[in-house]
file model36.cif (mmCIF, C-alpha atoms)
data_run
#
loop_
_atom_site.group_PDB
_atom_site.id
_atom_site.type_symbol
_atom_site.label_atom_id
_atom_site.label_comp_id
_atom_site.auth_asym_id
_atom_site.auth_seq_id
_atom_site.Cartn_x
_atom_site.Cartn_y
_atom_site.Cartn_z
ATOM 1 C CA MET A 331 -5.028 7.380 35.272
ATOM 2 C CA ARG A 332 -1.612 6.666 36.693
ATOM 3 C CA LYS A 333 0.490 8.220 33.964
ATOM 4 C CA THR A 334 0.486 11.911 33.249
ATOM 5 C CA LYS A 335 -1.075 13.051 30.011
ATOM 6 C CA ALA A 336 1.462 13.525 27.218
ATOM 7 C CA LYS A 337 2.143 17.142 26.294
ATOM 8 C CA LYS A 338 1.075 18.333 22.848
ATOM 9 C CA ARG A 339 4.205 19.033 20.830
ATOM 10 C CA PRO A 340 4.093 22.132 18.641
ATOM 11 C CA LEU A 341 4.103 21.414 14.898
ATOM 12 C CA LEU A 342 6.447 23.323 12.645
ATOM 13 C CA PRO A 343 4.730 24.970 9.669
ATOM 14 C CA ASP A 344 5.527 23.528 6.245
ATOM 15 C CA PRO A 345 8.234 25.227 4.147
ATOM 16 C CA LYS A 346 6.138 26.155 1.089
ATOM 17 C CA PHE A 347 2.855 27.505 2.510
ATOM 18 C CA ASN A 348 3.957 28.183 6.114
ATOM 19 C CA ASP A 349 0.873 26.350 7.405
ATOM 20 C CA GLN A 350 0.718 23.951 10.368
ATOM 21 C CA LEU A 351 -2.366 22.188 8.995
ATOM 22 C CA VAL A 352 -0.358 21.125 5.928
ATOM 23 C CA THR A 353 2.352 19.645 8.175
ATOM 24 C CA ARG A 354 -0.283 17.752 10.141
ATOM 25 C CA PHE A 355 -1.740 16.347 6.900
ATOM 26 C CA VAL A 356 1.714 15.358 5.622
ATOM 27 C CA ASN A 357 2.447 13.614 8.935
ATOM 28 C CA ASN A 358 -0.696 11.513 8.392
ATOM 29 C CA LEU A 359 0.284 10.868 4.771
ATOM 30 C CA MET A 360 3.832 9.814 5.688
ATOM 31 C CA LEU A 361 4.815 6.143 5.687
ATOM 32 C CA ASP A 362 7.872 4.677 7.462
ATOM 33 C CA GLY A 363 9.177 8.117 8.499
ATOM 34 C CA LYS A 364 9.700 9.252 4.891
ATOM 35 C CA LYS A 365 8.557 12.827 5.394
ATOM 36 C CA SER A 366 10.287 14.355 2.372
ATOM 37 C CA ILE A 367 8.507 11.868 0.093
ATOM 38 C CA ALA A 368 5.189 12.694 1.792
ATOM 39 C CA PHE A 369 5.804 16.427 1.226
ATOM 40 C CA LYS A 370 6.612 15.729 -2.440
ATOM 41 C CA ILE A 371 3.378 13.741 -2.873
ATOM 42 C CA PHE A 372 1.346 16.516 -1.233
ATOM 43 C CA TYR A 373 2.915 19.356 -3.231
ATOM 44 C CA ASP A 374 2.594 17.378 -6.495
ATOM 45 C CA ALA A 375 -1.066 16.729 -5.664
ATOM 46 C CA LEU A 376 -1.640 20.456 -5.136
ATOM 47 C CA ASP A 377 0.045 21.178 -8.474
ATOM 48 C CA ILE A 378 -2.359 18.728 -10.143
ATOM 49 C CA VAL A 379 -5.301 20.392 -8.336
ATOM 50 C CA GLU A 380 -4.036 23.749 -9.655
ATOM 51 C CA THR A 381 -4.241 22.458 -13.235
ATOM 52 C CA LYS A 382 -7.646 20.793 -12.715
ATOM 53 C CA LYS A 383 -9.365 23.683 -10.949
ATOM 54 C CA GLY A 384 -10.388 25.338 -14.204
ATOM 55 C CA ASP A 385 -11.583 28.939 -14.077
ATOM 56 C CA SER A 386 -11.970 29.035 -10.281
ATOM 57 C CA GLU A 387 -10.207 31.975 -8.597
ATOM 58 C CA LYS A 388 -9.287 29.849 -5.551
ATOM 59 C CA THR A 389 -5.739 28.602 -5.030
ATOM 60 C CA ALA A 390 -4.987 24.884 -4.756
ATOM 61 C CA LEU A 391 -4.397 25.258 -0.990
ATOM 62 C CA GLU A 392 -7.831 26.877 -0.558
ATOM 63 C CA ILE A 393 -9.429 24.045 -2.557
ATOM 64 C CA TRP A 394 -7.647 21.522 -0.291
ATOM 65 C CA LYS A 395 -8.889 23.355 2.817
ATOM 66 C CA ASP A 396 -12.437 23.415 1.401
ATOM 67 C CA ALA A 397 -12.185 19.673 0.758
ATOM 68 C CA LEU A 398 -11.010 19.108 4.331
ATOM 69 C CA THR A 399 -13.898 21.216 5.680
ATOM 70 C CA ASN A 400 -16.420 19.346 3.515
ATOM 71 C CA VAL A 401 -15.182 15.965 4.772
ATOM 72 C CA MET A 402 -15.123 16.974 8.473
ATOM 73 C CA PRO A 403 -17.827 15.154 10.478
ATOM 74 C CA HIS A 404 -19.724 16.973 13.251
ATOM 75 C CA VAL A 405 -21.229 13.966 15.057
ATOM 76 C CA GLU A 406 -20.257 10.327 15.399
ATOM 77 C CA VAL A 407 -21.759 7.259 17.020
ATOM 78 C CA ARG A 408 -20.079 5.538 19.935
ATOM 79 C CA SER A 409 -20.975 2.176 21.433
ATOM 80 C CA ARG A 410 -22.295 2.153 24.973
ATOM 81 C CA ARG A 411 -23.437 -0.901 26.906
ATOM 82 C CA VAL A 412 -26.668 -0.254 28.805
ATOM 83 C CA GLY A 413 -28.452 -3.077 30.612
ATOM 84 C CA GLY A 414 -26.909 -5.893 28.591
ATOM 85 C CA ALA A 415 -27.527 -4.267 25.214
ATOM 86 C CA ASN A 416 -25.122 -2.257 23.079
ATOM 87 C CA PHE A 417 -26.414 1.071 21.798
ATOM 88 C CA GLN A 418 -24.908 3.355 19.181
ATOM 89 C CA ILE A 419 -25.037 6.784 20.819
ATOM 90 C CA PRO A 420 -24.536 9.945 18.732
ATOM 91 C CA MET A 421 -21.915 12.259 20.229
ATOM 92 C CA PRO A 422 -20.505 15.612 19.081
ATOM 93 C CA ILE A 423 -16.828 15.507 18.055
ATOM 94 C CA ARG A 424 -14.002 17.670 19.420
ATOM 95 C CA ALA A 425 -12.468 20.142 16.938
ATOM 96 C CA ASP A 426 -9.047 18.466 16.713
ATOM 97 C CA ARG A 427 -10.655 15.031 16.256
ATOM 98 C CA LYS A 428 -12.837 16.404 13.428
ATOM 99 C CA ILE A 429 -9.712 17.535 11.584
ATOM 100 C CA SER A 430 -7.797 14.303 12.139
ATOM 101 C CA MET A 431 -10.761 12.146 11.038
ATOM 102 C CA ALA A 432 -11.179 14.237 7.878
ATOM 103 C CA MET A 433 -7.460 13.924 7.076
ATOM 104 C CA LYS A 434 -7.435 10.177 7.638
ATOM 105 C CA TRP A 435 -10.529 9.674 5.487
ATOM 106 C CA LEU A 436 -9.113 11.793 2.657
ATOM 107 C CA ILE A 437 -5.846 9.843 2.694
ATOM 108 C CA SER A 438 -7.378 6.370 3.047
ATOM 109 C CA TYR A 439 -9.922 6.891 0.259
ATOM 110 C CA SER A 440 -7.199 8.428 -1.916
ATOM 111 C CA LYS A 441 -5.168 5.244 -1.533
ATOM 112 C CA LYS A 442 -8.145 3.139 -2.645
ATOM 113 C CA ARG A 443 -8.585 5.070 -5.921
ATOM 114 C CA ASN A 444 -7.500 3.620 -9.271
ATOM 115 C CA ASP A 445 -5.024 6.171 -10.631
ATOM 116 C CA LYS A 446 -1.356 6.088 -11.618
ATOM 117 C CA SER A 447 0.437 7.846 -8.735
ATOM 118 C CA MET A 448 -0.427 8.703 -5.139
ATOM 119 C CA ALA A 449 -0.227 12.410 -5.975
ATOM 120 C CA LEU A 450 -2.841 11.962 -8.710
ATOM 121 C CA LYS A 451 -5.056 9.858 -6.418
ATOM 122 C CA LEU A 452 -4.857 12.497 -3.678
ATOM 123 C CA ALA A 453 -5.511 15.341 -6.131
ATOM 124 C CA ASN A 454 -8.596 13.619 -7.551
ATOM 125 C CA GLU A 455 -9.981 12.907 -4.078
ATOM 126 C CA VAL A 456 -9.349 16.518 -2.977
ATOM 127 C CA VAL A 457 -11.106 17.904 -6.076
ATOM 128 C CA ALA A 458 -14.029 15.516 -5.538
ATOM 129 C CA ALA A 459 -14.311 16.414 -1.835
ATOM 130 C CA SER A 460 -14.211 20.139 -2.591
ATOM 131 C CA ARG A 461 -17.212 19.591 -4.908
ATOM 132 C CA GLU A 462 -18.959 17.612 -2.136
ATOM 133 C CA GLU A 463 -18.642 14.255 -3.869
ATOM 134 C CA GLY A 464 -16.256 11.315 -3.678
ATOM 135 C CA ALA A 465 -15.731 8.496 -1.187
ATOM 136 C CA ALA A 466 -14.447 10.623 1.722
ATOM 137 C CA PHE A 467 -17.484 12.934 1.534
ATOM 138 C CA LYS A 468 -19.768 9.880 1.340
ATOM 139 C CA LYS A 469 -18.158 8.562 4.541
ATOM 140 C CA LYS A 470 -19.057 11.835 6.286
ATOM 141 C CA THR A 471 -22.678 11.695 5.107
ATOM 142 C CA ASP A 472 -22.938 8.034 6.163
ATOM 143 C CA THR A 473 -21.585 8.932 9.622
ATOM 144 C CA HIS A 474 -24.151 11.727 9.935
ATOM 145 C CA LYS A 475 -26.979 9.433 8.759
ATOM 146 C CA MET A 476 -25.969 6.827 11.343
ATOM 147 C CA ALA A 477 -26.051 9.475 14.085
ATOM 148 C CA GLU A 478 -29.441 10.712 12.843
ATOM 149 C CA ALA A 479 -30.834 7.168 12.844
ATOM 150 C CA ASN A 480 -29.691 6.595 16.438
ATOM 151 C CA LYS A 481 -30.871 9.982 17.716
ATOM 152 C CA ALA A 482 -33.385 8.197 19.972
ATOM 153 C CA PHE A 483 -30.555 6.845 22.134
ATOM 154 C CA SER A 484 -28.892 10.232 22.706
ATOM 155 C CA HIS A 485 -30.226 10.348 26.299
ATOM 156 C CA PHE A 486 -27.757 7.522 27.175
ATOM 157 C CA LYS A 487 -24.825 9.952 26.857
ATOM 158 C CA PHE A 488 -21.674 9.132 28.801
#
call {"tool": "encode", "arguments": {"input": "model36.cif", "output": "structure tokens"}}
result
Amino acid sequence: MRKTKAKKRPLLPDPKFNDQLVTRFVNNLMLDGKKSIAFKIFYDALDIVETKKGDSEKTALEIWKDALTNVMPHVEVRSRRVGGANFQIPMPIRADRKISMAMKWLISYSKKRNDKSMALKLANEVVAASREEGAAFKKKTDTHKMAEANKAFSHFKF
């Protein structure tokens, strides 16, 4: 490549939980540079999760982290052209890509839910993902099934 690779900028931890992962999630949630609104949506969603968690001894942040872990894929399929035919080749995913895919899936499937506010949509999707159900978790299982189905082509690795 001609250009040098862009340096990774350090993320500042969020003000409430002092966690960089939360800031990264909020950056994905943010629209049009409105970060304070994105933080408000996220914190409101965690408050809703806190009320919905029931008798569980976990905090809302731990439930959110469990949901993120449950949605994280381990393998994905990538297209590769071999001899005039396209093959879907299963590949392991880098750690930072796993996290970003899980965040994007959680947010996108939260937006597609039918609830009143974005905070409520996000809270419901987080609770569902922490219980290993919901649309984001289904996306992960579908991705894994696709990789399993195309396991025969894994010798075509890049």
call {"tool": "resolve_selection", "arguments": {"input": "model36.cif", "expression": "the PyMOL selection byres ((chain A and resi 442-457) around 7)", "output": "mmCIF file with C-alpha atoms, in the frame of the given file"}}
result
data_model
loop_
_atom_site.group_PDB
_atom_site.id
_atom_site.type_symbol
_atom_site.label_atom_id
_atom_site.label_comp_id
_atom_site.auth_asym_id
_atom_site.auth_seq_id
_atom_site.Cartn_x
_atom_site.Cartn_y
_atom_site.Cartn_z
ATOM 1 C CA ILE A 371 3.378 13.741 -2.873
ATOM 2 C CA PHE A 372 1.346 16.516 -1.233
ATOM 3 C CA ASP A 374 2.594 17.378 -6.495
ATOM 4 C CA ALA A 375 -1.066 16.729 -5.664
ATOM 5 C CA LEU A 376 -1.640 20.456 -5.136
ATOM 6 C CA ILE A 378 -2.359 18.728 -10.143
ATOM 7 C CA VAL A 379 -5.301 20.392 -8.336
ATOM 8 C CA TRP A 394 -7.647 21.522 -0.291
ATOM 9 C CA ALA A 397 -12.185 19.673 0.758
ATOM 10 C CA LEU A 436 -9.113 11.793 2.657
ATOM 11 C CA ILE A 437 -5.846 9.843 2.694
ATOM 12 C CA SER A 438 -7.378 6.370 3.047
ATOM 13 C CA TYR A 439 -9.922 6.891 0.259
ATOM 14 C CA SER A 440 -7.199 8.428 -1.916
ATOM 15 C CA LYS A 441 -5.168 5.244 -1.533
ATOM 16 C CA ALA A 458 -14.029 15.516 -5.538
ATOM 17 C CA ALA A 459 -14.311 16.414 -1.835
ATOM 18 C CA SER A 460 -14.211 20.139 -2.591
ATOM 19 C CA ARG A 461 -17.212 19.591 -4.908
ATOM 20 C CA GLY A 464 -16.256 11.315 -3.678
#
call {"tool": "resolve_selection", "arguments": {"input": "model36.cif", "expression": "the PyMOL selection byres ((chain A and resi 392) around 12)", "output": "list in words"}}
result
Phe347, Asp349, Leu351, Val352, Leu376, Val379, Glu380, Lys383, Ser386, Glu387, Lys388, Thr389, Ala390, Leu391, Ile393, Trp394, Lys395, Asp396, Ala397, Leu398, Thr399, Val456, Val457 and Ser460 of chain A
call {"tool": "resolve_selection", "arguments": {"input": "model36.cif", "expression": "the PyMOL selection byres ((chain A and resi 484) around 10)", "output": "tab-separated table (two decimals) with C-alpha atoms, in the coordinates of the input"}}
result
chain	number	residue	atom	x	y	z
A	407	VAL	CA	-21.76	7.26	17.02
A	417	PHE	CA	-26.41	1.07	21.80
A	418	GLN	CA	-24.91	3.36	19.18
A	419	ILE	CA	-25.04	6.78	20.82
A	420	PRO	CA	-24.54	9.94	18.73
A	421	MET	CA	-21.92	12.26	20.23
A	477	ALA	CA	-26.05	9.48	14.08
A	478	GLU	CA	-29.44	10.71	12.84
A	480	ASN	CA	-29.69	6.60	16.44
A	481	LYS	CA	-30.87	9.98	17.72
A	482	ALA	CA	-33.38	8.20	19.97
A	483	PHE	CA	-30.56	6.84	22.13
A	485	HIS	CA	-30.23	10.35	26.30
A	486	PHE	CA	-27.76	7.52	27.18
A	487	LYS	CA	-24.82	9.95	26.86
A	488	PHE	CA	-21.67	9.13	28.80
call {"tool": "closest_residue", "arguments": {"input": "model36.cif", "among": "A:Gly414, A:Arg354, A:Met360, A:Asn348", "to": "Asp426 in chain A", "atoms": "all atoms listed in the file"}}
result
A:Arg354
call {"tool": "closest_residue", "arguments": {"input": "model36.cif", "among": "A:Pro340, A:Pro345, A:Gly363, A:Pro403", "to": "Lys434 in chain A", "atoms": "only C-alpha atoms"}}
result
A:Pro403
call {"tool": "atom_distance", "arguments": {"input": "model36.cif", "atom1": "CA of Met433 in chain A", "atom2": "CA of Lys475 in chain A"}}
result
20.1 Å
